[in-house]
$ cat target_2.cif   # mmCIF, C-alpha atoms
data_protein
#
loop_
_atom_site.label_atom_id
_atom_site.label_comp_id
_atom_site.auth_asym_id
_atom_site.auth_seq_id
_atom_site.Cartn_x
_atom_site.Cartn_y
_atom_site.Cartn_z
CA MET M 1 12.13 30.03 126.26
CA PHE M 2 15.09 28.72 124.34
CA LEU M 3 16.12 30.26 121.03
CA GLY M 4 17.39 28.32 118.13
CA PHE M 5 20.67 28.77 116.34
CA TRP M 6 19.45 31.52 114.03
CA GLY M 7 17.79 33.38 116.88
CA ARG M 8 20.98 33.45 118.92
CA PHE M 9 22.93 34.51 115.80
CA LEU M 10 20.51 37.38 115.12
CA ILE M 11 20.79 38.65 118.71
CA LEU M 12 24.60 38.50 118.49
CA VAL M 13 24.63 40.48 115.23
CA LEU M 14 22.28 43.17 116.57
CA SER M 15 24.33 43.51 119.75
CA SER M 16 27.54 43.89 117.75
CA LEU M 17 25.98 46.56 115.51
CA ALA M 18 24.75 48.49 118.56
CA VAL M 19 28.22 48.45 120.13
CA ILE M 20 29.89 49.55 116.89
CA LEU M 21 27.34 52.36 116.37
CA THR M 22 27.86 53.59 119.93
CA VAL M 23 31.64 53.65 119.50
CA VAL M 24 31.36 55.57 116.21
CA ILE M 25 29.00 58.18 117.70
CA VAL M 26 31.19 58.71 120.75
CA ALA M 27 34.32 59.00 118.61
CA CYS M 28 32.72 61.54 116.25
CA PHE M 29 31.56 63.82 119.05
CA VAL M 30 34.67 63.51 121.22
CA GLY M 31 37.67 63.35 118.90
CA PRO M 32 38.74 66.42 116.86
CA GLY M 33 38.47 66.22 113.09
CA CYS M 34 35.11 64.41 113.00
CA LEU M 35 31.95 65.97 111.63
CA GLY M 36 30.01 65.92 114.87
CA PHE M 37 32.87 67.40 116.87
CA GLU M 38 33.46 70.17 114.32
CA TYR M 39 29.74 71.00 114.22
CA LEU M 40 29.57 71.37 117.99
CA MET M 41 32.72 73.51 118.03
CA ARG M 42 31.31 75.84 115.38
CA ARG M 43 28.10 76.27 117.35
CA GLU M 44 30.06 76.93 120.53
CA LYS M 45 32.26 79.55 118.84
CA LYS M 46 29.22 81.25 117.32
CA LYS M 47 27.46 81.37 120.67
CA LYS M 48 30.58 82.68 122.38
CA PHE M 49 31.04 85.34 119.69
CA GLU M 50 27.47 86.60 120.13
CA ASN M 51 27.77 86.70 123.91
CA GLU M 52 31.14 88.46 124.00
CA THR M 53 31.01 90.91 121.10
CA LEU M 54 27.32 91.54 120.52
CA GLY M 55 26.05 91.78 124.05
CA ASN M 56 25.76 95.57 123.99
CA VAL M 57 23.86 95.79 120.69
CA SER M 58 20.11 96.11 120.84
CA PRO M 59 18.62 93.46 118.53
CA ILE M 60 16.25 94.34 115.73
CA PRO M 61 13.46 91.84 114.97
CA GLY M 62 14.31 89.74 111.98
CA LYS M 63 17.86 91.12 111.67
CA SER M 64 21.19 89.76 112.79
CA LYS M 65 23.32 91.65 115.26
CA ILE M 66 26.32 93.71 114.19
CA PRO M 67 29.29 94.33 116.50
CA THR M 68 30.21 97.85 117.57
CA PRO M 69 33.71 99.29 117.49
CA HIS M 70 35.42 99.26 120.88
CA ILE M 71 35.78 102.67 122.48
CA CYS M 72 39.22 103.09 124.00
CA GLU M 73 40.92 105.21 126.59
CA SER M 74 42.52 108.37 125.25
CA GLY M 75 46.21 107.90 124.58
CA GLN M 76 46.04 104.10 124.11
CA ASN M 77 45.08 101.92 121.19
CA PHE M 78 42.95 98.83 121.63
CA TRP M 79 41.31 96.73 118.97
CA MET M 80 39.65 93.39 118.57
CA ASP M 81 41.19 90.69 116.43
CA ASN M 82 38.56 89.47 113.95
CA GLN M 83 39.63 85.81 114.07
CA ASP M 84 40.46 84.72 117.60
CA LEU M 85 38.75 87.54 119.54
CA VAL M 86 41.83 88.57 121.49
CA VAL M 87 42.28 92.16 122.62
CA TYR M 88 45.65 93.73 121.82
CA GLN M 89 47.36 96.92 122.91
CA THR M 90 49.93 98.90 120.95
CA GLY M 91 52.56 100.69 123.00
CA PRO M 92 54.56 103.80 122.06
CA SER M 93 57.28 101.66 120.49
CA GLY M 94 54.84 99.81 118.23
CA MET M 95 55.09 96.52 120.14
CA GLU M 96 51.96 94.47 120.74
CA ARG M 97 50.81 92.65 123.84
CA LYS M 98 47.68 90.67 124.63
CA ILE M 99 45.28 91.76 127.34
CA SER M 100 43.61 88.89 129.15
CA ASN M 101 40.61 90.76 130.49
CA ALA M 102 38.89 92.58 127.66
CA GLU M 103 36.38 94.29 129.92
CA ASP M 104 39.18 95.96 131.90
CA ALA M 105 40.81 97.24 128.74
CA LEU M 106 37.72 98.65 127.01
CA VAL M 107 35.89 101.67 128.31
CA TYR M 108 32.31 102.17 127.16
CA ASN M 109 31.29 105.78 127.59
CA THR M 110 28.62 107.11 125.28
CA LYS M 111 27.29 109.96 127.43
CA GLU M 112 29.45 112.63 125.80
CA LYS M 113 27.85 113.89 122.62
CA ILE M 114 28.80 116.59 120.17
CA LEU M 115 26.26 119.38 120.29
CA ASN M 116 24.26 120.22 117.16
CA LEU M 117 25.55 117.12 115.35
CA ARG M 118 22.77 115.42 113.44
CA CYS M 119 24.20 111.89 113.53
CA THR M 120 22.00 108.84 114.05
CA PRO M 121 23.74 105.74 115.45
CA LEU M 122 24.07 103.09 112.77
CA LEU M 123 23.22 100.34 115.22
CA THR M 124 19.65 101.58 115.43
CA GLY M 125 17.35 102.95 112.79
CA ARG M 126 17.13 102.59 109.04
CA ASN M 127 20.75 103.15 108.10
CA LEU M 128 21.79 99.85 109.68
CA TYR M 129 20.69 97.85 106.64
CA PRO M 130 21.07 99.96 103.50
CA LYS M 131 19.52 98.84 100.25
CA VAL M 132 21.75 96.67 98.09
CA HIS M 133 22.43 97.99 94.61
CA THR M 134 21.36 95.05 92.45
CA SER M 135 21.53 96.58 88.95
CA TYR M 136 24.83 95.70 87.30
CA PRO M 137 26.65 98.03 84.90
CA LYS M 138 26.17 97.23 81.22
CA LEU M 139 28.42 97.83 78.23
CA LYS M 140 27.01 97.92 74.71
CA ILE M 141 29.37 96.80 71.93
CA LYS M 142 29.18 95.73 68.29
CA LEU M 143 31.45 93.05 66.82
CA SER M 144 31.90 92.62 63.06
CA TYR M 145 34.04 90.15 61.14
CA SER M 146 35.03 90.16 57.48
CA SER M 147 37.63 88.53 55.24
CA LEU M 148 40.34 90.62 53.65
CA LYS M 149 40.17 91.03 49.91
CA ASN M 150 42.67 89.04 47.84
CA ASN M 151 43.70 87.07 50.95
CA ASP M 152 41.62 84.11 52.03
CA THR M 153 43.75 83.31 55.09
CA MET M 154 43.46 86.73 56.75
CA GLY M 155 40.46 88.24 58.52
CA ARG M 156 39.48 91.54 60.13
CA LEU M 157 37.67 92.02 63.43
CA SER M 158 35.96 95.34 64.10
CA VAL M 159 35.03 96.24 67.69
CA LEU M 160 32.70 99.19 68.25
CA VAL M 161 32.50 100.31 71.89
CA MET M 162 29.16 102.13 71.97
CA SER M 163 28.07 103.09 75.51
CA ALA M 164 27.92 102.08 79.16
CA THR M 165 25.06 102.44 81.64
CA SER M 166 24.51 102.30 85.42
CA LEU M 167 28.14 102.72 86.39
CA PRO M 168 28.74 102.92 90.17
CA PRO M 169 29.79 106.42 91.30
CA ARG M 170 32.74 107.21 93.50
CA GLU M 171 32.14 106.95 97.21
CA TYR M 172 33.13 110.54 97.90
CA ILE M 173 31.45 112.24 94.93
CA SER M 174 28.63 111.20 92.59
CA SER M 175 30.56 111.32 89.33
CA LEU M 176 33.03 109.36 87.21
CA ASP M 177 35.61 109.90 84.48
CA PRO M 178 35.33 106.47 82.84
CA TYR M 179 37.03 104.86 79.88
CA VAL M 180 37.07 101.31 78.46
CA CYS M 181 40.23 99.23 78.17
CA LEU M 182 40.20 96.30 75.71
CA ASN M 183 42.69 93.43 76.04
CA ILE M 184 42.86 90.69 73.40
CA TRP M 185 44.77 87.44 73.84
CA GLN M 186 44.96 84.04 72.18
CA SER M 187 43.11 81.47 74.26
CA LYS M 188 44.38 77.96 74.79
CA TRP M 189 42.41 74.84 75.46
CA PRO M 190 40.69 74.61 77.89
CA PHE M 191 40.15 78.40 77.91
CA GLN M 192 43.54 79.29 79.31
CA LYS M 193 45.05 82.73 78.83
CA ALA M 194 48.21 83.02 76.76
CA ASP M 195 51.48 84.39 78.06
CA LYS M 196 50.91 87.96 76.83
CA ASP M 197 48.23 90.12 75.25
CA ILE M 198 48.10 90.46 71.48
CA HIS M 199 46.38 93.85 71.49
CA ILE M 200 45.75 96.46 74.20
CA VAL M 201 43.68 99.55 73.36
CA GLN M 202 41.51 101.99 75.27
CA THR M 203 38.82 104.53 74.49
CA ARG M 204 38.80 108.21 75.29
CA VAL M 205 37.91 109.41 78.78
CA VAL M 206 34.37 110.74 79.22
CA LYS M 207 34.25 113.37 81.97
CA ASN M 208 31.59 113.43 84.71
CA SER M 209 29.27 110.72 83.43
CA LEU M 210 27.72 107.58 84.89
CA ASN M 211 26.23 106.65 81.49
CA PRO M 212 28.99 107.54 79.03
CA ASP M 213 28.81 107.31 75.24
CA PHE M 214 32.15 106.29 73.72
CA ASP M 215 31.34 105.45 70.06
CA GLN M 216 34.85 104.34 69.19
CA THR M 217 35.83 101.64 66.71
CA PHE M 218 38.94 99.46 66.86
CA ILE M 219 40.05 97.29 63.93
CA PHE M 220 42.28 94.23 64.30
CA ASP M 221 43.71 92.07 61.52
CA GLY M 222 44.84 88.50 61.98
CA ILE M 223 44.85 84.96 60.68
CA LYS M 224 41.36 83.47 60.43
CA ARG M 225 42.00 80.35 62.46
CA GLU M 226 43.64 82.44 65.20
CA ILE M 227 40.88 85.03 65.37
CA LYS M 228 38.40 82.26 66.20
CA ASN M 229 40.32 81.61 69.43
CA TRP M 230 40.63 85.23 70.50
CA CYS M 231 39.44 86.32 73.94
CA LEU M 232 38.23 89.88 74.48
CA LYS M 233 38.37 91.42 77.93
CA PHE M 234 36.48 94.69 78.42
CA THR M 235 37.40 96.65 81.53
CA ILE M 236 35.74 99.90 82.60
CA VAL M 237 38.18 102.10 84.50
CA ASP M 238 37.68 105.34 86.41
CA SER M 239 40.39 107.91 85.71
CA ASP M 240 40.59 109.49 89.17
CA HIS M 241 43.42 111.98 89.71
CA LEU M 242 43.39 111.30 93.47
CA THR M 243 43.32 107.51 93.58
CA ARG M 244 44.84 106.87 90.14
CA CYS M 245 43.04 104.61 87.69
CA ARG M 246 40.55 102.43 89.54
CA GLN M 247 38.97 99.36 87.94
CA LEU M 248 35.17 99.39 88.16
CA CYS M 249 34.07 96.21 86.39
CA GLU M 250 35.08 93.79 83.66
CA LYS M 251 33.78 91.14 81.29
CA VAL M 252 35.52 88.45 79.20
CA ILE M 253 33.98 87.00 76.04
CA TYR M 254 35.25 84.24 73.74
CA LEU M 255 34.78 84.60 70.00
CA ARG M 256 34.39 80.83 69.64
CA ASP M 257 31.07 81.18 71.50
CA LEU M 258 29.73 83.60 68.84
CA LYS M 259 29.12 81.10 66.05
CA ASN M 260 27.33 83.46 63.67
CA LEU M 261 30.05 86.10 63.92
CA MET M 262 32.79 84.28 62.00
CA GLY M 263 30.56 83.80 58.97
CA GLU M 264 30.93 87.36 57.65
CA GLY M 265 28.44 88.66 60.20
CA SER M 266 28.06 91.08 63.09
CA ALA M 267 26.62 90.99 66.59
CA ILE M 268 25.45 93.67 69.03
CA LEU M 269 25.97 92.64 72.64
CA ASN M 270 24.83 94.15 75.92
CA LEU M 271 27.46 92.87 78.32
CA GLU M 272 26.52 92.63 81.98
CA MET M 273 29.68 93.76 83.73
CA ARG M 274 30.67 92.19 87.04
CA HIS M 275 33.20 93.46 89.51
CA SER M 276 34.88 91.12 91.96
CA PRO M 277 36.33 93.35 94.68
CA VAL M 278 39.97 92.49 95.23
CA ILE M 279 41.09 92.79 98.84
CA ILE M 280 44.81 93.59 98.83
CA GLY M 281 45.16 93.56 102.61
CA THR M 282 43.89 95.14 105.81
CA LEU M 283 44.78 98.37 107.61
CA LEU M 284 44.40 99.18 111.29
CA PHE M 285 44.00 102.83 112.22
CA GLY M 286 42.35 104.83 114.99
CA LEU M 287 40.31 108.03 114.97
CA LYS M 288 39.93 110.63 117.70
CA PHE M 289 37.97 113.88 117.35
CA MET M 290 38.83 116.82 119.61
CA PRO M 291 35.85 119.25 119.57
CA THR M 292 37.59 121.93 121.65
CA ALA M 293 40.74 122.00 119.54
CA GLN M 294 38.69 121.45 116.34
CA ARG M 295 40.91 118.71 114.98
CA LEU M 296 40.84 115.04 114.02
CA ASN M 297 43.70 112.69 114.89
CA ILE M 298 44.23 109.71 112.58
CA ASN M 299 46.57 107.17 114.15
CA VAL M 300 47.85 104.84 111.42
CA ILE M 301 48.94 101.75 113.35
CA LYS M 302 49.74 98.87 110.99
CA ALA M 303 48.85 97.00 107.81
CA ALA M 304 48.62 93.25 107.41
CA LYS M 305 49.03 90.71 104.59
CA LEU M 306 49.51 93.19 101.75
CA LYS M 307 49.46 91.66 98.26
CA TYR M 308 52.44 93.41 96.72
CA GLN M 309 53.16 90.96 93.89
CA ASN M 310 51.27 92.97 91.25
CA TYR M 311 53.03 96.22 92.15
CA SER M 312 56.64 95.26 92.92
CA SER M 313 59.00 92.73 91.40
CA SER M 314 60.16 91.58 94.84
CA LEU M 315 59.53 92.29 98.50
CA LEU M 316 62.76 94.30 98.74
CA ASP M 317 61.42 96.73 96.11
CA PHE M 318 58.16 97.22 98.03
CA TYR M 319 57.97 100.57 99.88
CA PRO M 320 54.48 100.86 101.42
CA TYR M 321 53.17 103.99 103.08
CA VAL M 322 49.77 105.52 103.89
CA ARG M 323 48.50 108.74 102.37
CA VAL M 324 45.42 110.53 103.76
CA ILE M 325 43.48 113.08 101.69
CA MET M 326 40.84 115.40 103.17
CA LEU M 327 37.98 116.34 100.81
CA ASN M 328 34.96 118.60 101.06
CA SER M 329 31.43 117.75 99.91
CA SER M 330 32.18 118.65 96.27
CA GLY M 331 35.26 116.43 96.12
CA LYS M 332 37.81 119.25 96.31
CA CYS M 333 41.07 118.37 98.02
CA LEU M 334 41.58 120.39 101.21
CA LYS M 335 44.67 118.81 102.72
CA LYS M 336 47.03 115.87 102.22
CA LYS M 337 49.34 114.09 104.61
CA LYS M 338 51.32 110.86 104.53
CA THR M 339 53.31 108.58 106.77
CA CYS M 340 56.90 107.51 106.31
CA PHE M 341 57.38 104.43 104.18
CA LYS M 342 58.67 101.01 105.17
CA GLN M 343 60.96 98.95 102.99
CA GLY M 344 60.48 95.25 102.30
CA GLU M 345 57.54 94.61 104.65
CA TYR M 346 54.19 93.15 103.65
CA SER M 347 52.84 93.71 107.19
CA PRO M 348 54.40 97.09 108.08
CA ILE M 349 53.95 98.84 111.43
CA PHE M 350 53.64 102.63 111.05
CA ASN M 351 52.38 103.81 114.46
CA GLN M 352 52.19 107.41 113.24
CA THR M 353 49.55 110.07 113.95
CA LEU M 354 48.32 112.52 111.30
CA ILE M 355 46.47 115.63 112.52
CA PHE M 356 43.82 117.48 110.48
CA ASP M 357 41.99 120.69 111.38
CA LEU M 358 38.28 119.86 111.32
CA SER M 359 35.40 121.95 112.65
CA THR M 360 32.23 120.49 114.13
CA GLU M 361 30.07 122.12 111.44
CA SER M 362 31.89 120.29 108.62
CA LEU M 363 31.72 116.79 110.11
CA GLU M 364 28.84 115.62 107.94
CA GLN M 365 30.29 116.92 104.66
CA THR M 366 33.98 116.07 105.05
CA VAL M 367 35.33 112.85 103.53
CA PHE M 368 38.74 111.27 104.10
CA LEU M 369 40.49 109.03 101.58
CA ILE M 370 42.99 106.68 103.21
CA LEU M 371 45.25 105.27 100.50
CA LEU M 372 47.88 102.59 100.81
CA CYS M 373 50.59 103.36 98.27
CA THR M 374 54.00 102.08 97.32
CA LYS M 375 56.94 104.15 96.13
CA LEU M 376 58.63 103.21 92.87
CA MET M 377 62.31 104.05 93.19
CA THR M 378 65.68 102.69 92.20
CA ALA M 379 67.82 100.56 94.46
CA SER M 380 70.28 103.44 94.95
CA HIS M 381 67.84 105.28 97.19
CA ASN M 382 68.35 104.87 100.88
CA SER M 383 65.16 104.16 102.76
CA ASP M 384 66.23 106.02 105.93
CA GLU M 385 67.07 109.18 104.00
CA SER M 386 63.98 109.06 101.81
CA SER M 387 61.59 108.47 104.71
CA SER M 388 62.49 111.83 106.24
CA ILE M 389 61.56 113.85 103.16
CA ASP M 390 58.48 116.04 103.70
CA GLY M 391 58.08 117.52 100.22
CA ASP M 392 54.87 118.28 98.38
CA ILE M 393 52.84 115.12 97.77
CA GLU M 394 51.91 115.94 94.19
CA LYS M 395 55.55 116.58 93.30
CA SER M 396 56.55 113.32 94.94
CA LEU M 397 53.91 111.41 93.01
CA LYS M 398 55.05 112.88 89.69
CA GLU M 399 58.72 112.14 90.34
CA ASN M 400 58.36 108.64 91.77
CA LYS M 401 55.07 107.68 90.07
CA ASP M 402 53.76 106.04 93.21
CA LYS M 403 51.09 103.37 92.82
CA VAL M 404 47.92 103.08 94.88
CA LEU M 405 47.29 99.52 96.09
CA GLY M 406 43.96 100.08 97.84
CA MET M 407 41.88 102.65 99.62
CA ILE M 408 39.35 103.24 102.40
CA VAL M 409 36.75 106.02 102.30
CA LEU M 410 35.66 107.53 105.62
CA GLY M 411 32.68 109.80 106.11
CA ARG M 412 29.13 110.20 107.31
CA ASN M 413 27.47 109.11 104.06
CA VAL M 414 29.91 106.61 102.53
CA LYS M 415 28.61 103.29 101.22
CA CYS M 416 30.83 101.00 103.29
CA THR M 417 28.94 100.09 106.48
CA ARG M 418 32.08 99.39 108.50
CA ALA M 419 33.71 102.71 107.59
CA ARG M 420 30.49 104.65 108.18
CA ASN M 421 29.96 102.91 111.52
CA HIS M 422 33.52 103.76 112.58
CA TRP M 423 33.09 107.42 111.65
CA VAL M 424 29.77 107.91 113.43
CA THR M 425 30.98 106.18 116.58
CA VAL M 426 34.01 108.47 116.73
CA MET M 427 31.88 111.57 116.27
CA GLN M 428 29.51 110.52 119.05
CA ASN M 429 32.38 109.76 121.44
CA PRO M 430 34.82 112.69 121.31
CA ARG M 431 38.26 112.54 122.91
CA LYS M 432 38.27 108.73 122.58
CA MET M 433 40.66 106.88 120.30
CA ILE M 434 38.75 104.15 118.42
CA SER M 435 40.82 101.71 116.35
CA VAL M 436 39.25 99.35 113.81
CA TRP M 437 40.57 97.01 111.10
CA HIS M 438 39.47 97.95 107.57
CA GLU M 439 39.81 96.12 104.27
CA LEU M 440 41.82 97.77 101.50
CA ARG M 441 40.12 97.53 98.11
#
$ encode --input "target_2.cif" --output "structure tokens"
Amino acid sequence: MFLGFWGRFLILVLSSLAVILTVVIVACFVGPGCLGFEYLMRREKKKKFENETLGNVSPIPGKSKIPTPHICESGQNFWMDNQDLVVYQTGPSGMERKISNAEDALVYNTKEKILNLRCTPLLTGRNLYPKVHTSYPKLKIKLSYSSLKNNDTMGRLSVLVMSATSLPPREYISSLDPYVCLNIWQSKWPFQKADKDIHIVQTRVVKNSLNPDFDQTFIFDGIKREIKNWCLKFTIVDSDHLTRCRQLCEKVIYLRDLKNLMGEGSAILNLEMRHSPVIIGTLLFGLKFMPTAQRLNINVIKAAKLKYQNYSSSLLDFYPYVRVIMLNSSGKCLKKKKTCFKQGEYSPIFNQTLIFDLSTESLEQTVFLILLCTKLMTASHNSDESSSIDGDIEKSLKENKDKVLGMIVLGRNVKCTRARNHWVTVMQNPRKMISVWHELR
């Protein structure tokens, strides 16, 4: 059967399209950078991650698996890199080297248990998936605007900070010492912050309250056309004498959005406060509990990618160090220790061990605060001389006014799953040094 001209042309077009489609498909699944190739690589990495790091975790129906910390030989530090899944070892001099065979480096030994310790593994049971706290803190305020008498160009804004509800407690004690900080700046179009704040005020501190009543009024005078473009930022801060002032949540409102306010009116607002946790870096440290000697060894190894810009003018003026505070169940400070500081390093290596006396009976009630701080000192100080000073920590803080960049809370009942998992694993495997990366917040 002979085809006509259009029949042969149609067959030629279809054959060409089939060849082109085949070439495109092969190129997408073979060459890097294409969608198909990237999709297959992501699936392969995910499958490899589950096989290598989650093989020893018993699955729970309907739940995803969670990796366990790696239990290490006593006297050596091993940890797993979160990104490329390479096992590293830290030697006595602080140098790192890769270990090719992870199974040879890691020792899994869970037979040794601490007697009379009522600890349930977090990888099984209810505590694996704690309930998420979905209710956000709320701040009740009242805004009032009025024109000044005998001056049509000037106006007055009155801000009444009334109360706050459902504030999140501290991780180591169920209380707060909150206050509200109000920053006002002139907004630019489109909603850009000005160079500096026009007004900065704060309320009084309310002691031991998760639902504080402030009832404080602040009055601000300004030009009418400028007040319309004001931005008000409300920040709730916890005045903690151990970790310094810690921001809990914040909310920004624009007066231009409150149309009825500028017409000699008032408005009562219930602001839903949101907190975006700021990660200022990561810290690698190991824990080892010695039940016979009744002590806990905290091996502070290194920090990585610290965001120092908000705390130091330059990297040379950045003096990071780690301070560890031991607390009892009521939040009372029992003991404090700190490492030496490093100058001009945003990824410092400490490789220093801090020893705390800790009995088996107090394991469930004791909480450790691990703080990453920076010293504020003049350029005339010598880092080598200052690093050898072992004075009282409170005196040092008052003299140098050290700043806290971030913290990690360790304990049996802390909210952070990673920190709680690390603590319980150490308690169930005594005499083993377990090192894990933690985020500083």
$ resolve_selection --input "target_2.cif" --expression "the PyMOL selection byres ((chain M and resi 198) around 6)" --output "list of chain:residue names"
M:Ile184, M:Trp185, M:Asp197, M:His199
$ atom_distance --input "target_2.cif" --atom1 "CA of His275 (chain M)" --atom2 "CA of Asp240 (chain M)"
17.7 Å
$ residues_around --input "target_2.cif" --residues "Thr217 (chain M)" --least-positions-apart "2" --cutoff "10 Å" --atoms "all atoms listed in the file" --output "list in words"
Ile141, Lys142, Leu143, Ser158, Val159, Leu160, Val161, Met162, Thr203, Phe214, Asp215 and Ile219 of chain M
$ write_last_selection --input "target_2.cif" --atoms "C-alpha atoms" --output "short mmCIF file (atom, residue, chain, number, x, y, z; two decimals), in the frame of the given file"
data_model
loop_
_atom_site.label_atom_id
_atom_site.label_comp_id
_atom_site.auth_asym_id
_atom_site.auth_seq_id
_atom_site.Cartn_x
_atom_site.Cartn_y
_atom_site.Cartn_z
CA ILE M 141 29.37 96.80 71.93
CA LYS M 142 29.18 95.73 68.29
CA LEU M 143 31.45 93.05 66.82
CA SER M 158 35.96 95.34 64.10
CA VAL M 159 35.03 96.24 67.69
CA LEU M 160 32.70 99.19 68.25
CA VAL M 161 32.50 100.31 71.89
CA MET M 162 29.16 102.13 71.97
CA THR M 203 38.82 104.53 74.49
CA PHE M 214 32.15 106.29 73.72
CA ASP M 215 31.34 105.45 70.06
CA ILE M 219 40.05 97.29 63.93
#
$ closest_residue --input "target_2.cif" --among "M:Leu182, M:Asn421, M:Ile370, M:Gln428" --to "Thr243 (chain M)" --atoms "all atoms listed in the file"
M:Ile370
$ residues_near_point --input "target_2.cif" --point "(40.6, 112.5, 116.4)" --cutoff "6 Å" --atoms "only C-alpha atoms" --output "list in words"
Leu287, Lys288, Phe289, Met290, Leu296, Asn297 and Ile298 of chain M
$ write_last_selection --input "target_2.cif" --atoms "C-alpha atoms" --output "PDB file, keeping the file's coordinate frame"
ATOM      1  CA  LEU M 287      40.310 108.030 114.970  1.00  0.00           C
ATOM      2  CA  LYS M 288      39.930 110.630 117.700  1.00  0.00           C
ATOM      3  CA  PHE M 289      37.970 113.880 117.350  1.00  0.00           C
ATOM      4  CA  MET M 290      38.830 116.820 119.610  1.00  0.00           C
ATOM      5  CA  LEU M 296      40.840 115.040 114.020  1.00  0.00           C
ATOM      6  CA  ASN M 297      43.700 112.690 114.890  1.00  0.00           C
ATOM      7  CA  ILE M 298      44.230 109.710 112.580  1.00  0.00           C
TER       8      ILE M 298
END
$ residues_around --input "target_2.cif" --residues "Ile349 (chain M)" --least-positions-apart "3" --cutoff "9 Å" --atoms "all atoms listed in the file" --output "MDAnalysis selection string"
chainID M and resid 94 300:304 342 345 352
$ closest_residue --input "target_2.cif" --among "M:Gln365, M:Thr425, M:Thr235, M:Asn211" --to "Met326 (chain M)" --atoms "only C-alpha atoms"
M:Gln365
$ resolve_selection --input "target_2.cif" --expression "the PyMOL selection byres ((chain M and resi 286) around 6)" --output "list in words"
Phe285, Leu287, Ile298, Asn299, Met433, Ile434 and Ser435 of chain M
$ write_last_selection --input "target_2.cif" --atoms "C-alpha atoms" --output "PDB file, in the frame of the given file"
ATOM      1  CA  PHE M 285      44.000 102.830 112.220  1.00  0.00           C
ATOM      2  CA  LEU M 287      40.310 108.030 114.970  1.00  0.00           C
ATOM      3  CA  ILE M 298      44.230 109.710 112.580  1.00  0.00           C
ATOM      4  CA  ASN M 299      46.570 107.170 114.150  1.00  0.00           C
ATOM      5  CA  MET M 433      40.660 106.880 120.300  1.00  0.00           C
ATOM      6  CA  ILE M 434      38.750 104.150 118.420  1.00  0.00           C
ATOM      7  CA  SER M 435      40.820 101.710 116.350  1.00  0.00           C
TER       8      SER M 435
END
$ atom_distance --input "target_2.cif" --atom1 "CA of Arg225 (chain M)" --atom2 "CA of Ser266 (chain M)"
17.6 Å
$ atom_distance --input "target_2.cif" --atom1 "CA of Gly263 (chain M)" --atom2 "CA of Ser146 (chain M)"
7.9 Å
$ residues_around --input "target_2.cif" --residues "Ser209 (chain M)" --least-positions-apart "5" --cutoff "10 Å" --atoms "all atoms listed in the file" --output "count of residues only"
10
$ closest_residue --input "target_2.cif" --among "M:Ile355, M:Ile173, M:Lys228, M:Phe218" --to "Asn260 (chain M)" --atoms "only C-alpha atoms"
M:Lys228
$ closest_residue --input "target_2.cif" --among "M:Ser147, M:Thr153, M:Thr22, M:Thr374" --to "Phe341 (chain M)" --atoms "only C-alpha atoms"
M:Thr374
$ resolve_selection --input "target_2.cif" --expression "the PyMOL selection byres ((chain M and resi 292) around 12)" --output "number ranges by chain"
M: 114-115, 289-291, 293-296, 357-360, 430-431
$ closest_residue --input "target_2.cif" --among "M:Arg42, M:Lys307, M:Arg156, M:Arg274" --to "Phe234 (chain M)" --atoms "only C-alpha atoms"
M:Arg274
$ closest_residue --input "target_2.cif" --among "M:Ser144, M:Asn150, M:Asn183, M:Ser135" --to "Glu250 (chain M)" --atoms "only C-alpha atoms"
M:Asn183
$ residues_around --input "target_2.cif" --residues "Gly344 (chain M)" --least-positions-apart "3" --cutoff "8 Å" --atoms "only C-alpha atoms" --output "PyMOL selection string"
chain M and resi 315-319
$ axis_aligned_box --input "target_2.cif" --around "region 283-294 of chain M" --padding-each-side "6 Å" --output "lines of an AutoDock Vina configuration file"
center_x = 40.3
center_y = 110.2
center_z = 114.6
size_x = 20.9
size_y = 35.6
size_z = 26.0
$ residues_near_point --input "target_2.cif" --point "(43.1, 100.3, 74.9)" --cutoff "6 Å" --atoms "all atoms listed in the file" --output "NGL selection string"
:M and (181-182 or 200-202)
$ write_last_selection --input "target_2.cif" --atoms "C-alpha atoms" --output "PDB file, in the frame of the given file"
ATOM      1  CA  CYS M 181      40.230  99.230  78.170  1.00  0.00           C
ATOM      2  CA  LEU M 182      40.200  96.300  75.710  1.00  0.00           C
ATOM      3  CA  ILE M 200      45.750  96.460  74.200  1.00  0.00           C
ATOM      4  CA  VAL M 201      43.680  99.550  73.360  1.00  0.00           C
ATOM      5  CA  GLN M 202      41.510 101.990  75.270  1.00  0.00           C
TER       6      GLN M 202
END
$ residues_around --input "target_2.cif" --residues "Tyr321 (chain M)" --least-positions-apart "4" --cutoff "9 Å" --atoms "only C-alpha atoms" --output "PyMOL selection string"
chain M and resi 338-342+348+350+371-375
